[in-house]
>>> print(open('work_38.cif').read())   # mmCIF, C-alpha atoms
data_upload
loop_
_atom_site.label_atom_id
_atom_site.label_comp_id
_atom_site.auth_asym_id
_atom_site.auth_seq_id
_atom_site.Cartn_x
_atom_site.Cartn_y
_atom_site.Cartn_z
CA MET G 1 -132.00 18.08 -137.64
CA TYR G 2 -131.11 21.78 -137.61
CA ASP G 3 -130.26 23.32 -140.95
CA LEU G 4 -129.32 26.95 -141.55
CA GLN G 5 -129.68 26.58 -145.30
CA GLU G 6 -133.47 26.38 -145.48
CA PRO G 7 -134.42 29.68 -143.79
CA PHE G 8 -132.20 31.54 -146.27
CA ARG G 9 -132.71 29.44 -149.41
CA TRP G 10 -135.03 32.12 -150.80
CA ILE G 11 -132.02 34.44 -151.30
CA ALA G 12 -130.52 32.08 -153.88
CA ASP G 13 -133.96 31.31 -155.37
CA VAL G 14 -134.72 35.01 -155.95
CA THR G 15 -131.27 35.51 -157.47
CA VAL G 16 -131.79 32.60 -159.88
CA THR G 17 -135.14 34.04 -160.97
CA GLU G 18 -133.65 37.49 -161.49
CA VAL G 19 -130.66 36.30 -163.53
CA PHE G 20 -132.89 34.47 -165.99
CA GLU G 21 -135.51 37.23 -166.21
CA SER G 22 -132.87 39.90 -166.75
CA GLY G 23 -130.98 37.87 -169.35
CA VAL G 24 -127.75 37.74 -167.33
CA LEU G 25 -127.92 33.96 -167.78
CA ASP G 26 -129.57 32.02 -170.57
CA LEU G 27 -129.56 28.44 -171.88
CA PRO G 28 -126.36 28.88 -173.95
CA ASP G 29 -124.53 29.53 -170.64
CA PHE G 30 -124.97 25.85 -169.74
CA TYR G 31 -123.64 22.64 -171.22
CA PHE G 32 -124.68 19.04 -170.82
CA THR G 33 -122.28 16.21 -170.22
CA GLY G 34 -123.67 12.80 -171.02
CA ASP G 35 -121.51 10.97 -168.51
CA ASP G 36 -123.22 12.33 -165.37
CA TYR G 37 -126.56 13.56 -166.79
CA ARG G 38 -126.21 17.06 -165.35
CA TYR G 39 -126.00 20.54 -166.78
CA HIS G 40 -122.97 22.64 -165.90
CA PHE G 41 -122.29 26.40 -165.96
CA GLU G 42 -119.82 27.91 -168.36
CA PRO G 43 -117.09 29.45 -166.14
CA GLU G 44 -117.93 33.05 -167.16
CA ALA G 45 -121.63 32.48 -166.47
CA LYS G 46 -120.81 31.03 -163.07
CA GLU G 47 -118.86 34.19 -162.21
CA ARG G 48 -121.77 36.43 -163.29
CA PHE G 49 -124.16 34.42 -161.14
CA LEU G 50 -121.85 34.43 -158.12
CA ASP G 51 -121.38 38.20 -158.43
CA LEU G 52 -125.15 38.70 -158.30
CA LEU G 53 -125.49 36.26 -155.40
CA ARG G 54 -122.78 38.15 -153.47
CA GLU G 55 -124.61 41.39 -154.20
CA ARG G 56 -127.84 39.90 -152.82
CA PHE G 57 -126.13 38.72 -149.62
CA ASN G 58 -124.56 42.16 -149.23
CA SER G 59 -127.88 43.97 -149.53
CA GLY G 60 -129.27 45.57 -146.39
CA VAL G 61 -132.14 44.39 -144.22
CA SER G 62 -133.67 45.88 -141.08
CA TYR G 63 -133.08 43.61 -138.10
CA LYS G 64 -133.26 44.43 -134.38
CA GLY G 65 -133.63 48.13 -135.10
CA ARG G 66 -130.54 48.36 -137.31
CA VAL G 67 -129.65 47.70 -140.94
CA PHE G 68 -127.45 44.65 -141.49
CA LYS G 69 -126.24 42.80 -144.55
CA TRP G 70 -127.85 39.40 -145.05
CA ASP G 71 -124.54 37.63 -144.50
CA THR G 72 -124.36 39.25 -141.05
CA VAL G 73 -127.93 38.16 -140.30
CA VAL G 74 -127.06 34.57 -141.26
CA GLU G 75 -124.08 34.75 -138.91
CA GLN G 76 -126.30 36.09 -136.10
CA LYS G 77 -128.79 33.29 -136.66
CA ALA G 78 -125.95 30.75 -136.45
CA VAL G 79 -124.99 32.21 -133.07
CA GLU G 80 -128.63 32.07 -131.93
CA LEU G 81 -128.86 28.44 -133.06
CA SER G 82 -125.69 27.52 -131.19
CA ARG G 83 -126.99 29.20 -128.00
CA TYR G 84 -130.23 27.26 -128.35
CA LEU G 85 -128.43 23.94 -128.91
CA ILE G 86 -126.21 24.29 -125.84
CA GLY G 87 -129.13 25.41 -123.67
CA ARG G 88 -128.26 29.09 -123.23
CA SER G 89 -131.47 30.15 -124.95
CA SER G 90 -134.95 28.67 -124.62
CA SER G 91 -136.14 29.59 -128.11
CA ILE G 92 -134.99 30.50 -131.59
CA ASP G 93 -136.86 32.51 -134.22
CA PHE G 94 -136.02 32.13 -137.89
CA SER G 95 -139.04 34.14 -139.02
CA GLU G 96 -137.31 37.44 -138.24
CA PRO G 97 -136.21 39.25 -140.31
CA SER G 98 -138.66 38.21 -142.97
CA PRO G 99 -137.94 39.02 -146.60
CA ILE G 100 -139.94 41.82 -148.19
CA PRO G 101 -140.14 41.45 -151.96
CA SER G 102 -139.70 44.81 -153.64
CA ARG G 103 -140.64 44.13 -157.22
CA VAL G 104 -142.42 46.97 -159.01
CA ASP G 105 -143.12 45.35 -162.39
CA SER G 106 -146.29 43.57 -161.29
CA GLN G 107 -149.00 42.58 -163.76
CA ARG G 108 -151.15 45.45 -162.44
CA ILE G 109 -148.41 48.01 -163.20
CA ARG G 110 -147.76 46.42 -166.60
CA ARG G 111 -151.46 46.74 -167.52
CA ARG G 112 -151.55 50.37 -166.35
CA ILE G 113 -148.51 51.20 -168.49
CA LEU G 114 -150.06 49.58 -171.56
CA ARG G 115 -153.36 51.42 -171.00
CA LEU G 116 -151.78 54.83 -170.34
CA SER G 117 -152.52 57.26 -173.18
CA GLN G 118 -149.85 59.62 -174.50
CA SER G 119 -151.83 62.67 -173.35
CA ASP G 120 -152.28 61.28 -169.82
CA ALA G 121 -148.58 60.45 -169.67
CA GLU G 122 -147.67 64.00 -170.71
CA ARG G 123 -149.95 65.44 -168.00
CA LEU G 124 -148.12 63.26 -165.49
CA GLY G 125 -144.73 64.48 -166.70
CA ILE G 126 -143.80 61.24 -168.45
CA ARG G 127 -142.04 61.89 -171.73
CA ARG G 128 -142.98 60.16 -174.96
CA SER G 129 -139.67 58.27 -175.11
CA THR G 130 -140.06 57.10 -171.49
CA LEU G 131 -143.58 55.87 -172.17
CA CYS G 132 -142.40 54.06 -175.30
CA HIS G 133 -139.59 52.40 -173.33
CA LEU G 134 -141.95 51.41 -170.50
CA ARG G 135 -144.48 49.95 -172.93
CA ALA G 136 -141.78 47.81 -174.58
CA LYS G 137 -140.65 46.56 -171.15
CA ALA G 138 -144.25 45.93 -170.03
CA ARG G 139 -144.86 43.75 -173.10
CA SER G 140 -141.76 41.64 -172.44
CA ALA G 141 -141.59 38.79 -169.95
CA SER G 142 -138.45 40.08 -168.23
CA SER G 143 -138.44 42.18 -165.08
CA PHE G 144 -137.72 45.89 -165.23
CA LYS G 145 -137.29 48.87 -162.93
CA ILE G 146 -139.30 52.06 -162.85
CA TYR G 147 -138.04 55.26 -161.24
CA ARG G 148 -140.06 56.22 -158.16
CA LYS G 149 -141.28 59.51 -159.70
CA THR G 150 -142.49 57.76 -162.84
CA LEU G 151 -144.06 54.93 -160.85
CA GLY G 152 -145.99 57.45 -158.74
CA GLY G 153 -147.40 59.02 -161.90
CA ILE G 154 -148.38 55.65 -163.35
CA GLU G 155 -150.16 54.66 -160.13
CA LEU G 156 -152.11 57.95 -160.17
CA ALA G 157 -152.97 57.76 -163.86
CA PRO G 158 -156.62 57.27 -164.81
CA GLN G 159 -157.41 53.70 -165.75
CA ARG G 160 -158.59 53.18 -169.32
CA ARG G 161 -159.44 50.15 -171.35
CA PRO G 162 -157.08 49.36 -174.27
#
>>> encode(input="work_38.cif", output="structure tokens")
Amino acid sequence: MYDLQEPFRWIADVTVTEVFESGVLDLPDFYFTGDDYRYHFEPEAKERFLDLLRERFNSGVSYKGRVFKWDTVVEQKAVELSRYLIGRSSSIDFSEPSPIPSRVDSQRIRRRILRLSQSDAERLGIRRSTLCHLRAKARSASSFKIYRKTLGGIELAPQRRP
């Protein structure tokens, strides 16, 4: 059986992870109905999730030397699959393009932020308020973004024990 859903399931999986980590969705956004034993979205929560999923599918990815949106890549893969099924192509490759996770709030970065002294941060050009904000985010379980300039300073900072 050929299924175009599986090679691209990760797009929805990553979106689900991000909406819960960011707080866009939380348990109060769901309700349980006893008649079918399933949880359902509140309509407003469903819209928020679908907006983020659309955004993910509209993000760019490098494929065949150009940048395409994921929805265009899925369409191209459907064409490739159809050519393969009718015998116009001898092979099909679902491994390309492969997703490249771009998360910057790794445990290593979180530890570096928490170990960074105020004086080292100032030498790197990181303000006191920025360091305070980053420390609060690093202590939380949710994901967060770090500006490239700040991230470069954190990665270059001397490592210290807490």
>>> closest_residue(input="work_38.cif", among="G:Lys64, G:Cys132, G:Ile126, G:Arg139", to="Gly152 (chain G)", atoms="only C-alpha atoms")
G:Ile126
>>> closest_residue(input="work_38.cif", among="G:Arg110, G:Arg115, G:Arg38, G:Arg127", to="Phe144 (chain G)", atoms="only C-alpha atoms")
G:Arg110
>>> resolve_selection(input="work_38.cif", expression="the PyMOL selection byres ((chain G and resi 154) around 12)", output="ChimeraX atom specification")
/G:104-105,108-118,120-126,130-131,134-135,146-153,155-159
>>> atom_distance(input="work_38.cif", atom1="CA of Thr72 (chain G)", atom2="CA of Ser95 (chain G)")
15.7 Å
>>> atom_distance(input="work_38.cif", atom1="CA of Lys46 (chain G)", atom2="CA of Trp10 (chain G)")
18.8 Å
>>> closest_residue(input="work_38.cif", among="G:Leu25, G:Arg128, G:Ala78, G:Ile11", to="Arg54 (chain G)", atoms="all atoms listed in the file")
G:Ile11
>>> resolve_selection(input="work_38.cif", expression="the PyMOL selection byres ((chain G and resi 58) around 12)", output="MDAnalysis selection string")
chainID G and resid 11 51:57 59:61 67:74
>>> atom_distance(input="work_38.cif", atom1="CA of His40 (chain G)", atom2="CA of Leu27 (chain G)")
10.6 Å
>>> resolve_selection(input="work_38.cif", expression="the PyMOL selection byres ((chain G and resi 30) around 8)", output="PyMOL selection string")
chain G and resi 26-29+31-32+39-42
>>> axis_aligned_box(input="work_38.cif", around="region 4-17 of chain G", padding_each_side="6 Å", output="JSON")
{"center_x": -132.2, "center_y": 30.9, "center_z": -151.3, "size_x": 17.8, "size_y": 21.1, "size_z": 31.4}
>>> decode(input="work_38.cif", residues="region 45-75 of chain G", atoms="N, CA and C atoms", output="compact mmCIF listing (two decimals), in the first residue's frame")
# COMPACT_ATOMS: atom_id res chain seq x y z
N ALA G 45 -9.74 26.72 19.84
CA ALA G 45 -8.45 26.02 19.94
C ALA G 45 -8.14 25.31 18.62
N LYS G 46 -9.15 24.75 18.01
CA LYS G 46 -8.95 24.08 16.72
C LYS G 46 -8.45 25.07 15.67
N GLU G 47 -9.01 26.27 15.67
CA GLU G 47 -8.57 27.31 14.73
C GLU G 47 -7.12 27.70 14.97
N ARG G 48 -6.74 27.86 16.25
CA ARG G 48 -5.35 28.21 16.58
C ARG G 48 -4.41 27.13 16.09
N PHE G 49 -4.77 25.87 16.31
CA PHE G 49 -3.92 24.76 15.87
C PHE G 49 -3.83 24.74 14.34
N LEU G 50 -4.95 24.87 13.67
CA LEU G 50 -4.93 24.83 12.20
C LEU G 50 -4.13 25.99 11.62
N ASP G 51 -4.18 27.15 12.25
CA ASP G 51 -3.37 28.28 11.78
C ASP G 51 -1.88 27.94 11.87
N LEU G 52 -1.47 27.33 12.97
CA LEU G 52 -0.06 26.96 13.11
C LEU G 52 0.33 25.84 12.15
N LEU G 53 -0.58 24.91 11.91
CA LEU G 53 -0.30 23.83 10.96
C LEU G 53 -0.17 24.40 9.54
N ARG G 54 -1.03 25.33 9.19
CA ARG G 54 -0.91 25.99 7.87
C ARG G 54 0.42 26.71 7.75
N GLU G 55 0.81 27.39 8.82
CA GLU G 55 2.09 28.10 8.83
C GLU G 55 3.25 27.13 8.60
N ARG G 56 3.18 25.98 9.25
CA ARG G 56 4.24 24.97 9.09
C ARG G 56 4.30 24.47 7.64
N PHE G 57 3.15 24.18 7.05
CA PHE G 57 3.13 23.70 5.66
C PHE G 57 3.54 24.80 4.68
N ASN G 58 3.42 26.04 5.07
CA ASN G 58 3.83 27.15 4.21
C ASN G 58 5.27 27.59 4.44
N SER G 59 5.97 26.92 5.35
CA SER G 59 7.37 27.26 5.58
C SER G 59 8.21 26.71 4.43
N GLY G 60 9.35 27.32 4.20
CA GLY G 60 10.20 26.94 3.08
C GLY G 60 11.16 25.81 3.38
N VAL G 61 11.48 25.05 2.33
CA VAL G 61 12.45 23.97 2.43
C VAL G 61 13.22 23.90 1.11
N SER G 62 14.51 23.62 1.20
CA SER G 62 15.33 23.50 0.01
C SER G 62 15.12 22.13 -0.63
N TYR G 63 14.75 22.15 -1.90
CA TYR G 63 14.46 20.90 -2.61
C TYR G 63 14.81 21.10 -4.09
N LYS G 64 15.65 20.23 -4.62
CA LYS G 64 16.07 20.29 -6.02
C LYS G 64 16.66 21.65 -6.38
N GLY G 65 17.45 22.19 -5.46
CA GLY G 65 18.16 23.44 -5.72
C GLY G 65 17.33 24.70 -5.59
N ARG G 66 16.09 24.58 -5.16
CA ARG G 66 15.21 25.74 -5.00
C ARG G 66 14.52 25.66 -3.64
N VAL G 67 13.90 26.76 -3.24
CA VAL G 67 13.15 26.77 -1.99
C VAL G 67 11.66 26.66 -2.33
N PHE G 68 11.02 25.64 -1.77
CA PHE G 68 9.60 25.40 -1.97
C PHE G 68 8.90 25.41 -0.62
N LYS G 69 7.60 25.60 -0.64
CA LYS G 69 6.80 25.40 0.56
C LYS G 69 6.54 23.91 0.68
N TRP G 70 6.34 23.45 1.92
CA TRP G 70 6.12 22.02 2.13
C TRP G 70 4.89 21.51 1.38
N ASP G 71 3.86 22.32 1.26
CA ASP G 71 2.68 21.84 0.54
C ASP G 71 3.01 21.59 -0.93
N THR G 72 3.92 22.38 -1.50
CA THR G 72 4.36 22.15 -2.88
C THR G 72 5.20 20.88 -2.98
N VAL G 73 6.03 20.63 -1.98
CA VAL G 73 6.83 19.40 -1.97
C VAL G 73 5.92 18.18 -1.89
N VAL G 74 4.89 18.23 -1.06
CA VAL G 74 3.93 17.12 -0.96
C VAL G 74 3.28 16.88 -2.32
N GLU G 75 2.91 17.96 -2.98
CA GLU G 75 2.30 17.84 -4.31
C GLU G 75 3.28 17.19 -5.30
